[in-house]
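A.B. asks: The following file, final-v5.pdb, comprises PDB, C-alpha atoms:
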ATOM      1  CA  MET A   1     -51.483 -69.110 -56.102
ATOM      2  CA  ALA A   2     -48.216 -67.170 -56.144
ATOM      3  CA  THR A   3     -45.117 -69.054 -55.006
ATOM      4  CA  LYS A   4     -44.372 -68.386 -51.352
ATOM      5  CA  LYS A   5     -40.962 -67.055 -50.424
ATOM      6  CA  LEU A   6     -38.750 -67.818 -47.435
ATOM      7  CA  ALA A   7     -35.744 -65.654 -46.602
ATOM      8  CA  ILE A   8     -33.229 -66.790 -43.967
ATOM      9  CA  ILE A   9     -30.226 -65.018 -42.458
ATOM     10  CA  ALA A  10     -27.703 -67.571 -41.156
ATOM     11  CA  THR A  11     -25.222 -66.051 -38.699
ATOM     12  CA  LYS A  12     -23.890 -68.992 -36.693
ATOM     13  CA  GLY A  13     -20.918 -71.181 -37.557
ATOM     14  CA  THR A  14     -21.327 -74.164 -35.279
ATOM     15  CA  LEU A  15     -22.347 -77.742 -36.037
ATOM     16  CA  ASP A  16     -25.616 -77.474 -34.107
ATOM     17  CA  TRP A  17     -26.631 -74.065 -35.447
ATOM     18  CA  GLY A  18     -25.875 -75.136 -38.976
ATOM     19  CA  TYR A  19     -28.957 -77.352 -38.906
ATOM     20  CA  PRO A  20     -31.885 -74.922 -38.598
ATOM     21  CA  PRO A  21     -31.183 -72.948 -41.787
ATOM     22  CA  PHE A  22     -30.548 -76.038 -43.919
ATOM     23  CA  ILE A  23     -33.460 -78.056 -42.482
ATOM     24  CA  LEU A  24     -35.972 -75.249 -42.940
ATOM     25  CA  ALA A  25     -34.647 -74.221 -46.340
ATOM     26  CA  SER A  26     -34.707 -77.754 -47.778
ATOM     27  CA  THR A  27     -38.158 -78.475 -46.357
ATOM     28  CA  ALA A  28     -39.599 -75.201 -47.600
ATOM     29  CA  ALA A  29     -38.174 -75.936 -51.047
ATOM     30  CA  ALA A  30     -39.846 -79.364 -50.948
ATOM     31  CA  LEU A  31     -43.123 -77.629 -50.130
ATOM     32  CA  GLY A  32     -42.727 -75.431 -53.190
ATOM     33  CA  TYR A  33     -41.266 -72.298 -51.608
ATOM     34  CA  ASP A  34     -38.763 -70.108 -53.326
ATOM     35  CA  VAL A  35     -35.901 -69.938 -50.777
ATOM     36  CA  GLN A  36     -32.856 -67.753 -50.224
ATOM     37  CA  ILE A  37     -30.303 -67.946 -47.420
ATOM     38  CA  PHE A  38     -27.985 -65.049 -46.686
ATOM     39  CA  PHE A  39     -24.857 -66.239 -44.845
ATOM     40  CA  THR A  40     -23.155 -63.568 -42.812
ATOM     41  CA  PHE A  41     -20.436 -63.428 -40.156
ATOM     42  CA  TYR A  42     -19.881 -66.905 -38.669
ATOM     43  CA  GLY A  43     -22.656 -68.257 -40.869
ATOM     44  CA  LEU A  44     -20.155 -68.117 -43.743
ATOM     45  CA  GLN A  45     -18.545 -71.228 -42.261
ATOM     46  CA  LEU A  46     -21.589 -73.152 -43.521
ATOM     47  CA  LEU A  47     -20.597 -72.387 -47.103
ATOM     48  CA  ARG A  48     -17.025 -73.723 -46.843
ATOM     49  CA  LYS A  49     -16.250 -76.678 -49.074
ATOM     50  CA  SER A  50     -15.706 -79.045 -46.180
ATOM     51  CA  LEU A  51     -17.815 -78.755 -43.053
ATOM     52  CA  ASN A  52     -15.585 -81.045 -41.000
ATOM     53  CA  HIS A  53     -14.233 -78.101 -39.028
ATOM     54  CA  LEU A  54     -17.633 -77.245 -37.526
ATOM     55  CA  LYS A  55     -17.834 -77.947 -33.810
ATOM     56  CA  VAL A  56     -20.408 -78.005 -31.078
ATOM     57  CA  THR A  57     -19.561 -76.639 -27.653
ATOM     58  CA  SER A  58     -21.143 -76.904 -24.227
ATOM     59  CA  ILE A  59     -19.312 -73.778 -23.028
ATOM     60  CA  GLY A  60     -21.849 -71.009 -22.565
ATOM     61  CA  ASN A  61     -24.494 -73.472 -23.681
ATOM     62  CA  PRO A  62     -26.081 -74.904 -20.515
ATOM     63  CA  GLY A  63     -29.011 -76.269 -22.524
ATOM     64  CA  MET A  64     -26.843 -78.882 -24.213
ATOM     65  CA  PRO A  65     -27.697 -82.351 -22.881
ATOM     66  CA  MET A  66     -24.606 -84.020 -21.411
ATOM     67  CA  PRO A  67     -24.115 -87.767 -20.964
ATOM     68  CA  MET A  68     -22.974 -87.003 -17.396
ATOM     69  CA  PRO A  69     -22.935 -83.834 -15.244
ATOM     70  CA  MET A  70     -19.620 -82.018 -15.669
ATOM     71  CA  PRO A  71     -18.309 -78.767 -14.133
ATOM     72  CA  VAL A  72     -17.851 -75.954 -16.660
ATOM     73  CA  LEU A  73     -14.100 -75.741 -15.985
ATOM     74  CA  LEU A  74     -13.700 -79.392 -16.972
ATOM     75  CA  GLN A  75     -15.690 -78.763 -20.145
ATOM     76  CA  ALA A  76     -13.097 -76.125 -21.054
ATOM     77  CA  LEU A  77     -10.186 -78.583 -21.028
ATOM     78  CA  PRO A  78      -8.269 -79.060 -24.293
ATOM     79  CA  GLY A  79      -9.849 -81.702 -26.499
ATOM     80  CA  MET A  80     -13.269 -81.524 -24.848
ATOM     81  CA  GLN A  81     -14.842 -79.619 -27.742
ATOM     82  CA  SER A  82     -13.622 -82.155 -30.295
ATOM     83  CA  PHE A  83     -14.789 -84.967 -28.061
ATOM     84  CA  MET A  84     -18.277 -83.477 -27.748
ATOM     85  CA  THR A  85     -18.424 -82.865 -31.476
ATOM     86  CA  THR A  86     -17.553 -86.495 -32.170
ATOM     87  CA  MET A  87     -20.190 -87.618 -29.666
ATOM     88  CA  MET A  88     -22.827 -85.359 -31.224
ATOM     89  CA  LYS A  89     -22.048 -86.554 -34.750
ATOM     90  CA  SER A  90     -22.245 -90.197 -33.743
ATOM     91  CA  THR A  91     -25.573 -89.649 -31.944
ATOM     92  CA  MET A  92     -26.969 -87.881 -34.999
ATOM     93  CA  LYS A  93     -25.904 -90.713 -37.257
ATOM     94  CA  LYS A  94     -27.472 -93.284 -34.928
ATOM     95  CA  LYS A  95     -30.766 -91.369 -34.887
ATOM     96  CA  GLY A  96     -30.952 -91.025 -38.654
ATOM     97  CA  VAL A  97     -30.332 -87.277 -38.679
ATOM     98  CA  ALA A  98     -28.822 -86.151 -41.981
ATOM     99  CA  SER A  99     -25.299 -84.740 -42.078
ATOM    100  CA  LEU A 100     -24.978 -81.006 -42.706
ATOM    101  CA  GLU A 101     -23.236 -81.710 -46.019
ATOM    102  CA  ASP A 102     -26.187 -83.839 -47.154
ATOM    103  CA  LEU A 103     -28.737 -81.209 -46.169
ATOM    104  CA  ARG A 104     -26.727 -78.536 -47.912
ATOM    105  CA  SER A 105     -26.550 -80.600 -51.120
ATOM    106  CA  LEU A 106     -30.301 -81.189 -50.912
ATOM    107  CA  CYS A 107     -30.784 -77.429 -50.634
ATOM    108  CA  ALA A 108     -28.567 -76.845 -53.662
ATOM    109  CA  GLU A 109     -30.433 -79.510 -55.662
ATOM    110  CA  ALA A 110     -33.739 -77.877 -54.746
ATOM    111  CA  ASP A 111     -32.493 -74.513 -56.076
ATOM    112  CA  VAL A 112     -32.194 -72.850 -52.696
ATOM    113  CA  LYS A 113     -30.233 -69.713 -53.476
ATOM    114  CA  MET A 114     -27.267 -69.243 -51.155
ATOM    115  CA  ILE A 115     -25.661 -65.851 -50.837
ATOM    116  CA  GLY A 116     -22.438 -65.095 -48.964
ATOM    117  CA  CYS A 117     -21.994 -61.726 -47.328
ATOM    118  CA  GLN A 118     -19.255 -59.959 -49.289
ATOM    119  CA  MET A 119     -18.314 -57.721 -46.379
ATOM    120  CA  THR A 120     -17.700 -60.693 -44.068
ATOM    121  CA  VAL A 121     -15.720 -62.477 -46.774
ATOM    122  CA  ASP A 122     -13.410 -59.440 -46.931
ATOM    123  CA  LEU A 123     -13.365 -59.017 -43.157
ATOM    124  CA  PHE A 124     -12.231 -62.576 -42.458
ATOM    125  CA  GLY A 125      -9.963 -62.737 -45.491
ATOM    126  CA  PHE A 126     -11.740 -65.633 -47.218
ATOM    127  CA  SER A 127     -11.152 -66.274 -50.887
ATOM    128  CA  PRO A 128     -13.890 -67.375 -53.327
ATOM    129  CA  SER A 129     -12.176 -70.769 -53.644
ATOM    130  CA  ASP A 130     -12.899 -71.460 -49.948
ATOM    131  CA  PHE A 131     -16.582 -71.867 -50.733
ATOM    132  CA  ILE A 132     -18.755 -74.392 -52.537
ATOM    133  CA  PRO A 133     -19.524 -73.535 -56.162
ATOM    134  CA  GLY A 134     -22.912 -72.172 -57.148
ATOM    135  CA  ILE A 135     -23.198 -69.526 -54.457
ATOM    136  CA  GLU A 136     -23.383 -65.793 -55.002
ATOM    137  CA  MET A 137     -21.819 -62.931 -53.100
ATOM    138  CA  GLY A 138     -23.758 -59.854 -52.149
ATOM    139  CA  GLY A 139     -24.500 -57.237 -49.551
ATOM    140  CA  ALA A 140     -27.407 -56.216 -47.377
ATOM    141  CA  ALA A 141     -29.232 -54.610 -50.282
ATOM    142  CA  THR A 142     -29.025 -57.879 -52.228
ATOM    143  CA  PHE A 143     -30.675 -59.647 -49.310
ATOM    144  CA  PHE A 144     -33.507 -57.131 -49.082
ATOM    145  CA  GLU A 145     -34.272 -57.451 -52.753
ATOM    146  CA  PHE A 146     -35.597 -60.937 -51.992
ATOM    147  CA  ALA A 147     -36.479 -60.543 -48.287
ATOM    148  CA  GLY A 148     -38.646 -57.505 -48.981
ATOM    149  CA  GLU A 149     -40.978 -59.684 -50.993
ATOM    150  CA  SER A 150     -40.775 -62.751 -48.776
ATOM    151  CA  ASP A 151     -43.671 -64.268 -46.847
ATOM    152  CA  ILE A 152     -41.419 -65.531 -44.075
ATOM    153  CA  CYS A 153     -38.133 -64.030 -42.943
ATOM    154  CA  LEU A 154     -36.007 -65.712 -40.278
ATOM    155  CA  PHE A 155     -32.828 -64.652 -38.485
ATOM    156  CA  MET A 156     -30.740 -67.537 -37.181
TER
ATOM    157  CA  MET B   1     -53.552-103.143 -49.898
ATOM    158  CA  ALA B   2     -53.535-101.719 -53.397
ATOM    159  CA  THR B   3     -50.253-101.627 -55.256
ATOM    160  CA  CYS B   4     -48.599 -98.286 -55.755
ATOM    161  CA  ASP B   5     -46.635 -96.976 -58.699
ATOM    162  CA  LYS B   6     -43.593 -96.387 -56.530
ATOM    163  CA  GLU B   7     -42.330 -97.391 -53.073
ATOM    164  CA  LEU B   8     -40.088 -95.372 -50.775
ATOM    165  CA  ASP B   9     -38.345 -96.794 -47.724
ATOM    166  CA  ALA B  10     -37.736 -93.926 -45.306
ATOM    167  CA  ARG B  11     -37.300 -96.123 -42.240
ATOM    168  CA  GLY B  12     -34.612 -94.970 -39.793
ATOM    169  CA  LEU B  13     -34.527 -91.489 -41.317
ATOM    170  CA  ASN B  14     -35.240 -88.441 -39.210
ATOM    171  CA  CYS B  15     -36.795 -85.048 -39.965
ATOM    172  CA  PRO B  16     -36.679 -83.602 -42.602
ATOM    173  CA  LEU B  17     -35.340 -86.508 -44.686
ATOM    174  CA  PRO B  18     -38.597 -88.503 -45.106
ATOM    175  CA  ILE B  19     -40.304 -85.425 -46.589
ATOM    176  CA  LEU B  20     -37.331 -84.510 -48.789
ATOM    177  CA  ARG B  21     -37.063 -88.067 -50.158
ATOM    178  CA  THR B  22     -40.814 -88.118 -50.720
ATOM    179  CA  LYS B  23     -40.684 -84.910 -52.694
ATOM    180  CA  LYS B  24     -37.878 -86.374 -54.816
ATOM    181  CA  ALA B  25     -39.757 -89.621 -55.384
ATOM    182  CA  LEU B  26     -42.872 -87.741 -56.451
ATOM    183  CA  ASN B  27     -40.819 -85.944 -59.089
ATOM    184  CA  ASP B  28     -40.422 -89.289 -60.884
ATOM    185  CA  LEU B  29     -44.177 -89.830 -61.062
ATOM    186  CA  THR B  30     -46.808 -88.331 -63.306
ATOM    187  CA  GLY B  31     -50.061 -86.796 -62.094
ATOM    188  CA  GLY B  32     -52.482 -89.354 -60.615
ATOM    189  CA  GLN B  33     -49.813 -91.955 -59.878
ATOM    190  CA  THR B  34     -49.336 -93.129 -56.290
ATOM    191  CA  LEU B  35     -46.377 -93.399 -53.946
ATOM    192  CA  ARG B  36     -46.179 -95.529 -50.819
ATOM    193  CA  VAL B  37     -43.814 -94.307 -48.091
ATOM    194  CA  VAL B  38     -42.804 -96.297 -45.020
ATOM    195  CA  ALA B  39     -41.255 -94.279 -42.190
ATOM    196  CA  THR B  40     -40.337 -94.692 -38.526
ATOM    197  CA  ASP B  41     -40.069 -91.013 -37.547
ATOM    198  CA  PRO B  42     -43.051 -90.333 -35.215
ATOM    199  CA  GLY B  43     -43.104 -86.730 -36.458
ATOM    200  CA  ALA B  44     -43.923 -88.029 -39.929
ATOM    201  CA  ILE B  45     -47.674 -88.380 -39.237
ATOM    202  CA  LYS B  46     -48.211 -84.663 -38.851
ATOM    203  CA  ASP B  47     -45.531 -83.811 -41.418
ATOM    204  CA  PHE B  48     -47.132 -85.884 -44.165
ATOM    205  CA  GLN B  49     -50.542 -84.321 -43.498
ATOM    206  CA  ALA B  50     -48.930 -80.879 -43.693
ATOM    207  CA  PHE B  51     -46.961 -81.803 -46.804
ATOM    208  CA  ALA B  52     -50.092 -83.029 -48.573
ATOM    209  CA  LYS B  53     -52.087 -79.964 -47.598
ATOM    210  CA  GLN B  54     -49.430 -77.538 -48.774
ATOM    211  CA  THR B  55     -48.372 -79.246 -51.985
ATOM    212  CA  GLY B  56     -51.784 -80.428 -53.181
ATOM    213  CA  ASN B  57     -50.648 -84.057 -53.426
ATOM    214  CA  GLU B  58     -53.448 -86.090 -51.866
ATOM    215  CA  LEU B  59     -52.756 -88.218 -48.794
ATOM    216  CA  VAL B  60     -54.859 -91.236 -49.757
ATOM    217  CA  GLU B  61     -53.888 -93.497 -46.904
ATOM    218  CA  SER B  62     -52.153 -93.134 -43.570
ATOM    219  CA  GLY B  63     -51.570 -95.982 -41.166
ATOM    220  CA  GLU B  64     -49.445 -97.302 -38.345
ATOM    221  CA  ALA B  65     -48.357-100.816 -37.485
ATOM    222  CA  ASN B  66     -45.516-102.079 -35.283
ATOM    223  CA  GLY B  67     -43.897 -98.661 -34.972
ATOM    224  CA  GLU B  68     -43.909 -98.112 -38.719
ATOM    225  CA  PHE B  69     -45.941 -95.465 -40.462
ATOM    226  CA  THR B  70     -47.246 -95.987 -43.964
ATOM    227  CA  PHE B  71     -48.449 -93.198 -46.200
ATOM    228  CA  VAL B  72     -49.883 -93.338 -49.684
ATOM    229  CA  LEU B  73     -49.776 -90.136 -51.685
ATOM    230  CA  ARG B  74     -51.414 -89.482 -55.031
ATOM    231  CA  LYS B  75     -49.480 -87.017 -57.119
ATOM    232  CA  LYS B  76     -51.310 -83.852 -58.023
ATOM    233  CA  ALA B  77     -52.550 -83.882 -61.592
TER
END
For this file, write the structure as structure tokens.
C.D. replies:
Amino acid sequence: MATKKLAIIATKGTLDWGYPPFILASTAAALGYDVQIFFTFYGLQLLRKSLNHLKVTSIGNPGMPMPMPMPVLLQALPGMQSFMTTMMKSTMKKKGVASLEDLRSLCAEADVKMIGCQMTVDLFGFSPSDFIPGIEMGGAATFFEFAGESDICLFM
Amino acid sequence: MATCDKELDARGLNCPLPILRTKKALNDLTGGQTLRVVATDPGAIKDFQAFAKQTGNELVESGEANGEFTFVLRKKA
């Protein structure tokens, strides 16, 4: 049986949206898939050396469970985003959910290939030293080289 | 309960960690050897069945007691 292939495009740079690409990529790798993730636009944040800057926000995100009901204007107050991020991280830890850094390392160990979008790197003025080692840079054509032969292709 | 070649404590871990640790633990075994995994994630029951089916490692035993799930996998030869 030929090895199955999973291609993922990761476009979001928030703490919560960092999870789906890394969870699915690491699990697919454990199941024997050949996996590539293409990080573009805000998704590039997931390749930065430290992920401590990633936040979760309830603004524009009415589906986020809140410990207590709170008007949107209050949620926009300075410090609220950091507070919610701290709360979310502590809940995740309590529930045995892996940190993003851990999941990312597990992906790297399992030979998940991570590709940063060169155009976005230029656009946002990142330098190669901003990112974890072992990743590649490429463009849309690079992504399609793998995605065109993939069994599953996901946009996140 | 038969003894296994390796034990993995995945209690308190949430998806996808029990599966990822299991995969890692299986890497240390040779074909035919067995691994016992104890987990508390309720999603693990279905996940271990799916893992076994897709990787060809046989799920020899699957049980639940006191909120803990025990799985025995035999590594594919």
A.B. asks: Counting only C-alpha atoms, a student should be able to say which residues of chain A come within 9 Å of chain B; what is the right answer, written as a list in words?
C.D. replies: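 The answer, sorted by residue number, is Ile23, Leu24, Ser26, Thr27, Ala29, Ala30, Leu31, Gly32, Lys94, Lys95, Gly96, Val97, Ala98, Leu103 and Leu106 of chain A.
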A.B. asks: I'd like the neighbourhood of stretch 70-80 of chain A as a PyMOL selection string, where a residue qualifies if any of its atoms comes within 10 Å (using only C-alpha atoms), though same-chain residues fewer than 6 positions away should be ignored.
C.D. replies: chain A and resi 57-62+86
A.B. asks: Starting from the PyMOL selection byres ((chain B and resi 61-71) around 12), expand the selection into actual residues of this file and give them as number ranges by chain.
C.D. replies: B: 1-2, 4, 6-13, 18-19, 22, 34-49, 51-52, 57-60, 72-74
A.B. asks: Using atom CA of A:Phe22 and atom CA of A:Gln45 as the two end points, give the distance in Å to one decimal.
C.D. replies: 13.0 Å
A.B. asks: Determine, counting only C-alpha atoms, which protein, DNA and RNA residues have an atom within 6 Å of an atom of stretch 125-140 of chain A; residues of the same chain fewer than 2 positions away are not included. Present the result as a ChimeraX atom specification.
C.D. replies: /A:47-49,114-118,121-123,142-143
A.B. asks: Any idea what the distance is between atom CA of A:Thr120 and atom CA of A:Ser82?
C.D. replies: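 A separation of 25.8 Å between them.
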A.B. asks: Mind pulling up the distance from atom CA of A:Leu46 to atom CA of A:Gly13?
C.D. replies: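 About the pair atom CA of A:Gly13 and atom CA of A:Leu46: they are 6.3 Å apart.
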A.B. asks: Given the file shown, determine the residues that the PyMOL selection byres ((chain A and resi 2) around 12) selects; report them as a PyMOL selection string.
C.D. replies: chain A and resi 1+3-5+32-34+149-151
A.B. asks: For the structure just given, write the atoms of stretch 18-47 of chain B, namely C-alpha atoms, as a short mmCIF file (atom, residue, chain, number, x, y, z; two decimals), in the first residue's frame.
C.D. replies:
data_model
loop_
_atom_site.label_atom_id
_atom_site.label_comp_id
_atom_site.auth_asym_id
_atom_site.auth_seq_id
_atom_site.Cartn_x
_atom_site.Cartn_y
_atom_site.Cartn_z
CA PRO B 18 -1.91 9.09 24.02
CA ILE B 19 -1.68 8.04 20.35
CA LEU B 20 1.58 9.92 19.75
CA ARG B 21 3.21 8.38 22.85
CA THR B 22 1.93 4.97 21.81
CA LYS B 23 3.45 5.30 18.38
CA LYS B 24 6.76 6.28 19.99
CA ALA B 25 6.64 3.38 22.43
CA LEU B 26 5.95 0.93 19.63
CA ASN B 27 9.08 2.14 17.86
CA ASP B 28 11.12 0.60 20.70
CA LEU B 29 9.54 -2.82 20.21
CA THR B 30 10.14 -5.49 17.61
CA GLY B 31 7.41 -7.21 15.62
CA GLY B 32 5.18 -9.47 17.74
CA GLN B 33 6.02 -7.77 21.03
CA THR B 34 3.19 -6.24 23.07
CA LEU B 35 2.56 -2.84 24.62
CA ARG B 36 0.09 -2.06 27.38
CA VAL B 37 -1.28 1.50 27.46
CA VAL B 38 -3.33 2.99 30.29
CA ALA B 39 -5.24 6.16 29.43
CA THR B 40 -7.99 8.35 30.89
CA ASP B 41 -9.03 10.21 27.72
CA PRO B 42 -12.54 8.91 26.85
CA GLY B 43 -11.78 9.54 23.17
CA ALA B 44 -9.01 6.95 23.39
CA ILE B 45 -11.37 3.96 22.92
CA LYS B 46 -12.27 4.91 19.38
CA ASP B 47 -8.82 6.36 18.68
#
